[in-house]
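Data from target_25.cif: mmCIF, C-alpha atoms
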```
data_query
loop_
_atom_site.label_atom_id
_atom_site.label_comp_id
_atom_site.auth_asym_id
_atom_site.auth_seq_id
_atom_site.Cartn_x
_atom_site.Cartn_y
_atom_site.Cartn_z
CA MET P 29 4.89 5.19 10.28
CA PHE P 30 2.16 2.97 11.63
CA ASP P 31 -1.56 3.52 12.08
CA SER P 32 -1.20 2.74 15.78
CA VAL P 33 -1.07 5.71 18.14
CA TYR P 34 -0.91 3.55 21.26
CA ARG P 35 0.52 0.04 21.31
CA PRO P 36 0.76 -1.64 24.72
CA GLY P 37 3.26 -4.07 23.24
CA VAL P 38 4.35 -6.19 20.32
CA ARG P 39 4.95 -9.89 20.70
CA ASP P 40 8.65 -10.70 20.46
CA SER P 41 8.41 -14.46 19.96
CA SER P 42 8.87 -15.70 16.40
CA ARG P 43 7.88 -19.30 17.14
CA LEU P 44 4.37 -20.58 16.55
CA THR P 45 2.82 -23.41 18.48
CA ARG P 46 1.73 -26.55 16.63
CA ARG P 47 -1.87 -25.48 17.12
CA ALA P 48 -1.09 -22.05 15.66
CA VAL P 49 0.54 -23.61 12.61
CA PHE P 50 -2.54 -25.76 12.12
CA GLY P 51 -4.80 -22.72 12.37
CA LEU P 52 -2.75 -20.60 10.01
CA THR P 53 -2.57 -23.30 7.36
CA ALA P 54 -6.16 -24.46 7.53
CA ALA P 55 -7.69 -24.36 4.06
CA ALA P 56 -4.45 -22.83 2.76
CA LEU P 57 -3.47 -23.11 -0.90
CA PRO P 58 -0.16 -22.82 -2.73
CA LEU P 59 0.57 -19.32 -3.97
CA SER P 60 0.54 -20.60 -7.55
CA THR P 61 -3.25 -20.97 -7.38
CA ALA P 62 -3.75 -17.30 -6.51
CA THR P 63 -4.89 -16.39 -10.03
CA PRO P 64 -7.28 -13.53 -10.73
CA ALA P 65 -10.90 -14.57 -10.25
CA SER P 66 -11.72 -12.66 -13.42
CA ALA P 67 -9.84 -15.29 -15.41
CA THR P 68 -12.71 -17.74 -14.99
CA THR P 69 -15.76 -15.79 -13.84
CA VAL P 70 -17.46 -12.44 -14.05
CA ILE P 71 -18.36 -11.20 -10.56
CA GLY P 72 -20.30 -7.97 -10.59
CA GLY P 73 -19.94 -7.34 -14.32
CA GLU P 74 -17.36 -7.79 -17.05
CA ARG P 75 -15.96 -4.26 -16.81
CA LEU P 76 -14.80 -4.96 -13.27
CA ALA P 77 -12.60 -7.75 -14.60
CA ARG P 78 -10.52 -5.23 -16.55
CA GLY P 79 -7.27 -3.90 -15.19
CA ASP P 80 -7.62 -0.23 -16.09
CA VAL P 81 -9.84 2.57 -14.77
CA GLN P 82 -13.54 2.00 -15.37
CA VAL P 83 -15.96 4.93 -15.34
CA ARG P 84 -18.96 5.86 -17.47
CA GLY P 85 -21.05 9.01 -17.81
CA ALA P 86 -18.92 11.24 -15.60
CA THR P 87 -15.60 13.06 -15.80
CA GLY P 88 -13.08 14.60 -13.45
CA LEU P 89 -11.82 11.54 -11.59
CA PRO P 90 -8.94 12.46 -9.25
CA LYS P 91 -5.68 12.34 -11.19
CA LYS P 92 -3.33 11.47 -8.34
CA ILE P 93 -4.63 8.03 -7.43
CA THR P 94 -1.61 5.77 -7.00
CA ALA P 95 -3.40 2.76 -5.47
CA HIS P 96 -2.79 -0.54 -7.22
CA ALA P 97 -6.54 -1.22 -7.02
CA TRP P 98 -9.60 0.72 -5.89
CA LEU P 99 -13.40 0.74 -6.09
CA LEU P 100 -16.16 3.26 -5.40
CA ALA P 101 -19.75 2.09 -4.93
CA ASP P 102 -23.17 3.22 -3.78
CA CYS P 103 -23.85 1.33 -0.56
CA ALA P 104 -27.64 1.20 -0.91
CA SER P 105 -27.94 0.11 -4.54
CA GLY P 106 -24.64 -1.75 -4.81
CA GLU P 107 -23.85 0.06 -8.05
CA VAL P 108 -20.13 0.41 -8.72
CA LEU P 109 -19.57 3.98 -9.90
CA ALA P 110 -15.89 3.68 -10.77
CA SER P 111 -13.04 1.24 -10.26
CA CYS P 112 -9.52 0.25 -11.17
CA ASP P 113 -8.43 -3.40 -11.20
CA ALA P 114 -11.29 -4.24 -8.85
CA HIS P 115 -10.59 -7.99 -8.78
CA ARG P 116 -6.82 -7.78 -8.44
CA ARG P 117 -5.78 -10.10 -5.60
CA LEU P 118 -3.58 -8.33 -3.06
CA ALA P 119 -2.64 -8.78 0.59
CA PRO P 120 -5.51 -7.27 2.62
CA ALA P 121 -3.83 -6.71 6.00
CA SER P 122 -6.32 -5.90 8.76
CA THR P 123 -9.15 -5.00 6.40
CA LEU P 124 -9.72 -8.79 6.40
CA LYS P 125 -11.04 -8.29 9.93
CA MET P 126 -14.27 -7.11 8.30
CA LEU P 127 -14.81 -10.68 7.07
CA PHE P 128 -13.89 -11.95 10.54
CA ALA P 129 -16.64 -9.74 11.97
CA ASP P 130 -19.10 -10.80 9.26
CA THR P 131 -18.44 -14.39 10.34
CA VAL P 132 -18.21 -14.26 14.14
CA LEU P 133 -19.87 -11.06 15.37
CA LYS P 134 -23.38 -12.44 15.88
CA LYS P 135 -22.27 -15.61 17.68
CA PHE P 136 -21.79 -13.98 21.08
CA ASP P 137 -23.90 -11.49 23.01
CA ARG P 138 -22.02 -8.25 23.55
CA THR P 139 -22.56 -8.45 27.32
CA GLU P 140 -21.08 -11.96 27.60
CA ARG P 141 -17.97 -12.08 29.79
CA TYR P 142 -14.85 -14.14 29.13
CA ARG P 143 -11.72 -14.71 31.21
CA VAL P 144 -8.71 -14.85 28.88
CA LYS P 145 -6.30 -17.80 29.12
CA ASP P 146 -2.64 -17.87 28.14
CA SER P 147 -3.47 -20.25 25.28
CA ASP P 148 -5.89 -17.71 23.79
CA VAL P 149 -3.05 -15.34 22.87
CA SER P 150 -0.09 -17.71 22.62
CA ASP P 151 -0.51 -18.00 18.84
CA VAL P 152 -0.67 -14.29 18.01
CA PRO P 153 1.95 -13.73 15.26
CA ALA P 154 5.14 -11.86 16.12
CA GLY P 155 4.96 -8.25 14.98
CA SER P 156 1.20 -7.97 15.46
CA SER P 157 -0.55 -4.84 16.60
CA LEU P 158 -2.04 -5.42 20.02
CA VAL P 159 -4.79 -3.77 22.01
CA GLY P 160 -3.27 -5.08 25.25
CA ILE P 161 -5.19 -8.25 26.17
CA LYS P 162 -3.85 -9.80 29.36
CA PRO P 163 -4.47 -13.42 30.41
CA GLY P 164 -6.37 -13.63 33.68
CA ILE P 165 -8.47 -10.53 32.99
CA THR P 166 -12.16 -10.88 32.22
CA TYR P 167 -13.47 -8.91 29.25
CA THR P 168 -16.92 -8.41 27.81
CA VAL P 169 -17.46 -9.41 24.20
CA GLU P 170 -18.15 -5.74 23.47
CA GLN P 171 -14.70 -4.80 24.79
CA LEU P 172 -13.05 -7.49 22.69
CA TRP P 173 -14.75 -6.18 19.55
CA GLN P 174 -13.69 -2.64 20.45
CA GLY P 175 -10.15 -4.00 20.54
CA VAL P 176 -10.66 -5.47 17.06
CA PHE P 177 -12.23 -2.44 15.41
CA LEU P 178 -10.52 0.48 17.15
CA ARG P 179 -7.00 -0.85 17.71
CA SER P 180 -7.02 -3.64 15.14
CA GLY P 181 -5.74 -5.85 17.94
CA ASN P 182 -4.72 -9.29 16.76
CA ASP P 183 -4.78 -10.39 20.38
CA ALA P 184 -8.50 -9.54 20.54
CA VAL P 185 -9.09 -11.41 17.26
CA HIS P 186 -7.38 -14.53 18.57
CA VAL P 187 -9.35 -14.49 21.83
CA LEU P 188 -12.64 -14.30 19.90
CA ALA P 189 -11.45 -16.97 17.47
CA HIS P 190 -10.66 -19.34 20.35
CA MET P 191 -14.07 -18.57 21.86
CA ASN P 192 -15.44 -19.59 18.47
CA GLY P 193 -13.77 -23.00 18.61
CA GLY P 194 -10.23 -22.19 17.51
CA ILE P 195 -8.20 -20.65 14.72
CA ALA P 196 -8.70 -23.46 12.19
CA LYS P 197 -12.48 -23.55 12.66
CA THR P 198 -12.71 -19.77 12.36
CA VAL P 199 -10.57 -19.68 9.20
CA ALA P 200 -12.76 -22.36 7.63
CA GLU P 201 -15.92 -20.48 8.54
CA MET P 202 -14.51 -17.23 7.17
CA GLN P 203 -13.73 -18.93 3.87
CA ALA P 204 -17.24 -20.34 3.73
CA ARG P 205 -18.68 -16.91 4.50
CA ALA P 206 -16.58 -15.37 1.73
CA ALA P 207 -17.97 -17.97 -0.68
CA ASP P 208 -21.53 -17.11 0.35
CA LEU P 209 -20.85 -13.41 -0.10
CA GLN P 210 -19.40 -14.28 -3.55
CA ALA P 211 -16.07 -12.79 -2.52
CA LEU P 212 -14.25 -15.21 -4.77
CA ASP P 213 -10.96 -13.32 -4.87
CA THR P 214 -10.44 -13.94 -1.16
CA HIS P 215 -8.32 -16.67 0.34
CA VAL P 216 -8.17 -16.76 4.14
CA VAL P 217 -5.13 -18.09 5.97
CA SER P 218 -5.46 -16.34 9.34
CA PRO P 219 -8.41 -14.52 10.92
CA ASP P 220 -6.44 -11.36 11.72
CA GLY P 221 -5.21 -10.41 8.23
CA PHE P 222 -1.53 -10.78 9.13
CA ASP P 223 0.92 -11.45 6.31
CA HIS P 224 0.93 -15.14 5.39
CA PRO P 225 1.62 -16.72 2.00
CA GLY P 226 -1.59 -16.94 0.00
CA GLN P 227 -3.65 -14.58 2.18
CA LEU P 228 -5.35 -12.46 -0.48
CA SER P 229 -8.40 -10.37 -1.22
CA SER P 230 -9.45 -7.60 -3.62
CA ALA P 231 -10.97 -4.14 -3.61
CA TYR P 232 -14.21 -5.71 -4.80
CA ASP P 233 -14.31 -8.32 -2.03
CA LEU P 234 -13.37 -5.91 0.76
CA THR P 235 -16.19 -3.62 -0.31
CA LEU P 236 -18.56 -6.61 -0.22
CA PHE P 237 -17.46 -7.35 3.35
CA ALA P 238 -18.07 -3.76 4.40
CA ARG P 239 -21.48 -3.53 2.75
CA HIS P 240 -22.63 -6.78 4.32
CA GLY P 241 -21.27 -5.86 7.75
CA LEU P 242 -22.89 -2.45 7.79
CA LYS P 243 -26.31 -4.10 7.73
CA ASP P 244 -25.64 -5.05 11.35
CA ALA P 245 -26.09 -2.41 14.06
CA ASP P 246 -23.22 -3.70 16.20
CA PHE P 247 -20.82 -3.70 13.23
CA ARG P 248 -21.82 -0.10 12.43
CA GLY P 249 -21.42 0.91 16.04
CA TYR P 250 -17.97 -0.58 16.51
CA CYS P 251 -16.45 0.71 13.26
CA GLY P 252 -17.71 4.22 14.00
CA THR P 253 -16.49 4.39 17.62
CA ARG P 254 -13.71 6.91 18.04
CA THR P 255 -12.51 6.16 21.59
CA ALA P 256 -13.26 3.65 24.35
CA ASP P 257 -12.00 2.75 27.82
CA PHE P 258 -10.30 -0.64 27.86
CA PRO P 259 -9.67 -2.86 30.92
CA ALA P 260 -6.15 -2.81 32.33
CA GLY P 261 -6.76 -5.09 35.34
CA GLY P 262 -8.70 -4.51 38.53
CA LYS P 263 -10.60 -1.26 38.26
CA LYS P 264 -8.01 0.34 36.02
CA THR P 265 -8.64 1.23 32.37
CA PHE P 266 -6.79 2.96 29.56
CA GLN P 267 -8.21 4.80 26.58
CA ILE P 268 -7.95 3.36 23.09
CA GLN P 269 -8.49 5.43 19.94
CA ASN P 270 -9.63 4.32 16.53
CA THR P 271 -6.73 4.16 14.06
CA ASP P 272 -8.95 5.36 11.19
CA ARG P 273 -7.41 8.78 10.59
CA LEU P 274 -10.35 10.13 8.57
CA LEU P 275 -12.67 9.24 11.44
CA THR P 276 -10.60 10.79 14.23
CA GLY P 277 -8.74 13.52 12.36
CA SER P 278 -5.21 12.53 13.31
CA TRP P 279 -1.69 12.43 11.83
CA GLY P 280 -2.23 15.74 10.04
CA LEU P 281 -5.58 14.80 8.50
CA GLY P 282 -8.93 16.39 9.24
CA VAL P 283 -12.11 14.50 10.03
CA TYR P 284 -13.84 13.63 6.78
CA GLN P 285 -17.40 15.01 6.77
CA GLY P 286 -19.94 12.22 7.00
CA LEU P 287 -17.42 9.40 7.40
CA PHE P 288 -18.50 6.56 9.70
CA GLY P 289 -15.71 3.93 9.34
CA VAL P 290 -15.12 1.16 8.30
CA LYS P 291 -11.66 -0.51 8.52
CA ASN P 292 -8.03 0.25 7.80
CA GLY P 293 -5.00 -2.00 7.64
CA TYR P 294 -1.24 -1.96 7.30
CA THR P 295 1.61 -4.43 7.21
CA SER P 296 5.09 -4.08 5.73
CA HIS P 297 4.16 -6.53 2.96
CA ALA P 298 0.63 -5.30 2.22
CA GLY P 299 1.31 -1.62 2.65
CA ASN P 300 -1.76 0.47 3.44
CA THR P 301 -5.31 -0.62 2.62
CA PHE P 302 -8.54 1.06 3.65
CA THR P 303 -12.27 0.64 3.16
CA GLY P 304 -14.16 3.77 4.13
CA GLY P 305 -17.80 4.77 4.09
CA ALA P 306 -19.44 8.18 4.24
CA THR P 307 -22.94 9.62 4.02
CA ARG P 308 -23.84 13.01 2.58
CA GLY P 309 -27.19 14.32 1.42
CA GLY P 310 -28.88 11.01 2.15
CA ARG P 311 -26.44 9.04 -0.02
CA THR P 312 -23.90 6.56 1.34
CA LEU P 313 -20.77 5.69 -0.62
CA LEU P 314 -18.15 3.02 0.01
CA VAL P 315 -14.54 3.24 -1.17
CA THR P 316 -11.77 0.65 -0.99
CA VAL P 317 -8.20 1.73 -1.74
CA MET P 318 -5.43 -0.88 -1.80
CA HIS P 319 -1.67 -0.32 -1.72
CA PRO P 320 -1.03 3.32 -2.70
CA ASP P 321 2.53 3.92 -3.83
CA SER P 322 3.69 6.28 -1.11
CA GLY P 323 3.07 7.67 2.36
CA SER P 324 1.05 6.40 5.29
CA ASN P 325 -1.56 9.12 4.71
CA ALA P 326 -1.95 8.37 0.99
CA VAL P 327 -4.57 5.67 1.53
CA TYR P 328 -6.76 8.16 3.40
CA GLU P 329 -6.09 11.07 1.05
CA GLU P 330 -6.97 8.97 -1.99
CA THR P 331 -10.09 7.64 -0.25
CA ALA P 332 -11.18 11.20 0.53
CA ALA P 333 -10.54 12.29 -3.06
CA LEU P 334 -12.63 9.45 -4.47
CA LEU P 335 -15.44 10.15 -1.99
CA ASP P 336 -15.37 13.85 -2.93
CA TRP P 337 -15.69 12.88 -6.59
CA GLY P 338 -18.48 10.42 -5.83
CA PHE P 339 -20.54 13.02 -3.98
CA GLY P 340 -19.77 15.63 -6.64
CA LYS P 341 -19.08 14.97 -10.32
CA GLY P 342 -19.61 11.24 -9.79
CA SER P 343 -23.29 11.84 -9.08
CA SER P 344 -23.91 11.55 -12.82
CA ALA P 345 -21.85 8.36 -13.23
CA GLN P 346 -23.51 5.34 -14.77
CA PRO P 347 -22.69 2.03 -13.08
CA VAL P 348 -19.81 -0.02 -14.44
CA GLY P 349 -20.74 -3.02 -12.30
CA THR P 350 -22.50 -4.04 -9.14
CA LEU P 351 -21.81 -5.44 -5.70
CA VAL P 352 -23.59 -8.78 -5.77
CA ASP P 353 -25.84 -10.05 -3.01
CA PRO P 354 -24.95 -13.11 -0.90
CA LEU P 355 -26.07 -16.46 -2.25
CA SER P 356 -27.92 -17.09 1.03
CA GLU P 357 -29.97 -13.94 0.38
CA GLY P 358 -30.93 -14.88 -3.16
CA GLY P 359 -27.96 -13.41 -4.98
CA ALA P 360 -27.36 -14.73 -8.47
CA GLY P 361 -24.23 -16.85 -8.87
CA ALA P 362 -21.28 -15.74 -10.97
CA SER P 363 -21.30 -16.36 -14.71
CA PRO P 364 -18.33 -17.51 -16.79
CA SER P 365 -16.49 -14.84 -18.73
CA PRO P 366 -16.52 -15.14 -22.54
CA SER P 367 -12.84 -16.12 -22.65
CA ALA P 368 -13.27 -18.74 -19.95
CA ALA P 369 -16.41 -20.15 -21.55
CA LYS P 370 -14.52 -20.88 -24.77
CA GLY P 371 -11.78 -22.83 -23.05
CA ALA P 372 -13.60 -24.48 -20.16
CA ALA P 373 -15.88 -27.25 -21.29
CA GLY P 374 -18.67 -28.00 -18.87
CA ALA P 375 -18.33 -24.75 -16.92
CA SER P 376 -20.98 -24.65 -14.23
CA GLY P 377 -21.77 -20.96 -14.48
CA THR P 378 -21.72 -20.64 -10.68
CA GLY P 379 -19.41 -19.03 -8.17
CA ALA P 380 -17.79 -22.39 -7.47
CA ALA P 381 -15.55 -21.98 -10.50
CA ALA P 382 -13.88 -18.81 -9.25
CA GLY P 383 -10.23 -18.93 -8.40
CA ALA P 384 -9.55 -22.10 -10.37
CA GLY P 385 -5.92 -22.52 -11.25
CA ALA P 386 -4.75 -23.08 -14.78
CA SER P 387 -3.98 -26.70 -14.07
CA GLY P 388 -7.29 -28.01 -12.82
CA SER P 389 -10.50 -27.66 -10.89
CA SER P 390 -11.48 -24.86 -8.55
CA PRO P 391 -9.96 -24.79 -5.05
CA TRP P 392 -13.20 -23.15 -3.90
CA ALA P 393 -15.41 -26.00 -5.08
CA PHE P 394 -16.21 -27.11 -1.53
CA ALA P 395 -17.48 -23.68 -0.54
CA GLY P 396 -19.21 -22.94 -3.84
CA ALA P 397 -21.07 -26.21 -3.73
CA GLY P 398 -22.37 -25.46 -0.25
CA ALA P 399 -20.25 -27.98 1.67
CA GLY P 400 -19.53 -25.18 4.13
CA ALA P 401 -17.18 -24.82 7.02
CA LEU P 402 -16.81 -28.49 7.91
CA ALA P 403 -15.59 -29.43 4.44
CA LEU P 404 -13.19 -26.50 4.45
CA LEU P 405 -11.94 -27.50 7.86
CA GLY P 406 -11.25 -30.98 6.58
CA GLY P 407 -9.43 -29.42 3.63
CA GLY P 408 -7.32 -27.46 6.11
CA ALA P 409 -6.25 -30.64 7.88
CA TRP P 410 -5.26 -32.13 4.52
CA ALA P 411 -3.24 -29.02 3.76
CA VAL P 412 -1.38 -29.33 7.05
CA ARG P 413 -0.54 -33.00 6.44
CA ARG P 414 0.71 -32.12 2.96
CA ARG P 415 2.83 -29.28 4.25
CA ARG P 416 4.40 -31.52 6.87
CA ARG P 417 5.72 -33.61 4.02
CA ALA P 418 7.03 -30.54 2.20
CA THR P 419 8.85 -27.39 3.11
CA ALA P 420 7.21 -25.55 6.00
CA ALA P 421 5.28 -22.48 5.00
CA GLY P 422 6.69 -19.11 6.03
CA SER P 423 4.91 -16.69 8.30
CA GLY P 424 4.29 -12.98 7.86
CA SER P 425 7.12 -10.53 7.55
CA GLY P 426 6.89 -9.59 11.19
CA ASP P 427 8.92 -6.40 10.75
CA ALA P 428 5.97 -4.06 11.10
CA PRO P 429 2.70 -4.40 12.99
CA VAL P 430 -0.70 -4.99 11.49
CA SER P 431 -3.04 -2.09 12.05
#
```
Can you give me the file's structure in the form of structure tokens?
Amino acid sequence: MFDSVYRPGVRDSSRLTRRAVFGLTAAALPLSTATPASATTVIGGERLARGDVQVRGATGLPKKITAHAWLLADCASGEVLASCDAHRRLAPASTLKMLFADTVLKKFDRTERYRVKDSDVSDVPAGSSLVGIKPGITYTVEQLWQGVFLRSGNDAVHVLAHMNGGIAKTVAEMQARAADLQALDTHVVSPDGFDHPGQLSSAYDLTLFARHGLKDADFRGYCGTRTADFPAGGKKTFQIQNTDRLLTGSWGLGVYQGLFGVKNGYTSHAGNTFTGGATRGGRTLLVTVMHPDSGSNAVYEETAALLDWGFGKGSSAQPVGTLVDPLSEGGAGASPSPSAAKGAAGASGTGAAAGAGASGSSPWAFAGAGAGALALLGGGAWAVRRRRRATAAGSGSGDAPVS
């Protein structure tokens, strides 16, 4: 059971072009370095580094939460009201598109028009969910973003990424943006969130992406749009519907009162992941639920249950952590955890240390030190050269579409 209600088609080619391989491996790391960020740093507070449920000052949390990781936070204050394994690194699926939007959305005016070329969609992974982009048709940037947010179309993501200078450049910029947001659990391999070795994020980071994105009016507008007419060639259009079931009230679920988005995702490897936001009584809450144990509706049902608790009994909860501000907006850098401080001589006390493997220095040092996208892009080229000398990296599972 997929989130997609309408899928114009799924790519049936399993081969990637050389350019696609370069883009998908830019800034990529071996899976062995995907250690919990909490092993070396405290992002948002020490309690968030713990693997069990964290709540303080309130009772009555929903009992049937099967997600491997989740987080509930107040959007305005950034206070984390409750969480479970908030920094656990898991495959994000299409919720990573929130970071893609945080990175690329403001680069193009929504009225700008672009005629799609064959090369813009030739590197879309097999098994991807598609909105139905056709080479030769001219789209507005607004329509492309509707394809990203409503249909989670990887074809729309790849068109925008090529407009941005290519897959590799976009991946590098997304990684740099994640570093600025202090989303240190996140490792970007592809801009669309498709399953690739080492593509990881966390409930904490996904909530950061949503909170940052919602500051932008266009981001808010796209993630809250229920339906839109999409070009089909000539004067023809077809309707696309948002795959967020709590927003549209589909697949046996009702519309959740006050919900305004933000992004869902599914692949056969990642399972279901969802970041949702809702406003009631002047208060806005954000919830991220990753990988529930069963059922395609479970991610929405568990999100709704946590939101209900947050607006009800959770109103008395005392924060167990906080969503940090971006470094570029004056946010304080991460501090070393007590256990890491004992065993890591010369720890910098900044976000640059996050994600360091047990064997050496941090793979995020370029981003944490402010070297930015160009340094990461150079690191991606190095990764490709290294991989050409070793066994080629595998692609996503391809047996179920991203949503």
Straight-line distance linking atom CA of P:Thr166 with atom CA of P:Val217, stated in Å to one decimal: 28.1 Å
Target residues per the PyMOL selection byres ((chain P and resi 121) around 8), formatted as an MDAnalysis selection string: chainID P and resid 119:120 122:124 220:223 293:295 298:301 430:431
The PyMOL selection byres ((chain P and resi 327-343) around 10) applied to the shown file, residues as an MDAnalysis selection string: chainID P and resid 83:95 98:102 109:110 272:274 281 284:285 287 292:293 299:309 311:326 344:346
Matched chain/residue IDs from the PyMOL selection byres ((chain P and resi 135-147) around 10), as an NGL selection string: :P and (45 or 47 or 129 or 131-134 or 148-152 or 161-173 or 184 or 186-188 or 190-192 or 246)
Atom CA of P:Val283 to atom CA of P:Phe258, straight-line distance in Å: 23.5 Å
Point-to-point distance in Å for atom CA of P:Ser180 and atom CA of P:Gly280: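 Result for atom CA of P:Gly280 versus atom CA of P:Ser180: 20.6 Å, one decimal.
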Nearest candidate to P:Val185 (options P:Leu127, P:Leu209, P:Ala97, P:Leu351; using all atoms listed in the file):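 Residue with the minimum atom-to-atom distance to P:Val185: P:Leu127.
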Six-sided padding of 4 Å per side, axis-aligned box over stretch 282-294 of chain P, centre and edges in Å, one decimal, as lines of an AutoDock Vina configuration file:
```
center_x = -10.6
center_y = 7.2
center_z = 8.4
size_x = 26.7
size_y = 26.4
size_z = 11.3
```
Take stretch 114-130 of chain P, model N, CA, C and O atoms, and hand the result over as a short mmCIF file (atom, residue, chain, number, x, y, z; two decimals), in the coordinates of the input.
```cif
data_model
loop_
_atom_site.label_atom_id
_atom_site.label_comp_id
_atom_site.auth_asym_id
_atom_site.auth_seq_id
_atom_site.Cartn_x
_atom_site.Cartn_y
_atom_site.Cartn_z
N ALA P 114 -10.47 -3.92 -10.02
CA ALA P 114 -11.29 -4.24 -8.85
C ALA P 114 -11.09 -5.65 -8.32
O ALA P 114 -11.27 -5.90 -7.12
N HIS P 115 -10.74 -6.59 -9.20
CA HIS P 115 -10.59 -7.99 -8.78
C HIS P 115 -9.12 -8.40 -8.62
O HIS P 115 -8.84 -9.60 -8.49
N ARG P 116 -8.23 -7.44 -8.63
CA ARG P 116 -6.82 -7.78 -8.44
C ARG P 116 -6.60 -8.31 -7.02
O ARG P 116 -7.02 -7.68 -6.04
N ARG P 117 -5.95 -9.45 -6.91
CA ARG P 117 -5.78 -10.10 -5.60
C ARG P 117 -4.50 -9.61 -4.94
O ARG P 117 -3.40 -9.79 -5.45
N LEU P 118 -4.67 -8.96 -3.79
CA LEU P 118 -3.58 -8.33 -3.06
C LEU P 118 -3.70 -8.70 -1.58
O LEU P 118 -4.77 -9.09 -1.10
N ALA P 119 -2.61 -8.53 -0.85
CA ALA P 119 -2.64 -8.78 0.59
C ALA P 119 -3.54 -7.75 1.26
O ALA P 119 -3.38 -6.55 1.05
N PRO P 120 -4.51 -8.19 2.07
CA PRO P 120 -5.51 -7.27 2.62
C PRO P 120 -5.14 -6.61 3.93
O PRO P 120 -5.79 -5.65 4.34
N ALA P 121 -4.14 -7.16 4.64
CA ALA P 121 -3.83 -6.71 6.00
C ALA P 121 -5.11 -6.75 6.85
O ALA P 121 -5.97 -7.60 6.65
N SER P 122 -5.24 -5.80 7.78
CA SER P 122 -6.32 -5.90 8.76
C SER P 122 -7.70 -5.58 8.22
O SER P 122 -8.69 -5.72 8.95
N THR P 123 -7.81 -5.15 6.96
CA THR P 123 -9.15 -5.00 6.40
C THR P 123 -9.86 -6.35 6.33
O THR P 123 -11.10 -6.40 6.26
N LEU P 124 -9.10 -7.46 6.38
CA LEU P 124 -9.72 -8.79 6.40
C LEU P 124 -10.51 -9.00 7.68
O LEU P 124 -11.38 -9.88 7.75
N LYS P 125 -10.27 -8.19 8.69
CA LYS P 125 -11.04 -8.29 9.93
C LYS P 125 -12.52 -8.00 9.71
O LYS P 125 -13.36 -8.37 10.53
N MET P 126 -12.85 -7.31 8.62
CA MET P 126 -14.27 -7.11 8.30
C MET P 126 -14.94 -8.45 8.03
O MET P 126 -16.08 -8.69 8.46
N LEU P 127 -14.27 -9.34 7.31
CA LEU P 127 -14.81 -10.68 7.07
C LEU P 127 -14.86 -11.47 8.37
O LEU P 127 -15.81 -12.23 8.60
N PHE P 128 -13.86 -11.31 9.23
CA PHE P 128 -13.89 -11.95 10.54
C PHE P 128 -15.14 -11.52 11.31
O PHE P 128 -15.84 -12.35 11.90
N ALA P 129 -15.44 -10.23 11.29
CA ALA P 129 -16.64 -9.74 11.97
C ALA P 129 -17.91 -10.25 11.30
O ALA P 129 -18.86 -10.64 11.99
N ASP P 130 -17.93 -10.27 9.97
CA ASP P 130 -19.10 -10.80 9.26
C ASP P 130 -19.38 -12.24 9.66
O ASP P 130 -20.53 -12.70 9.64
#
```
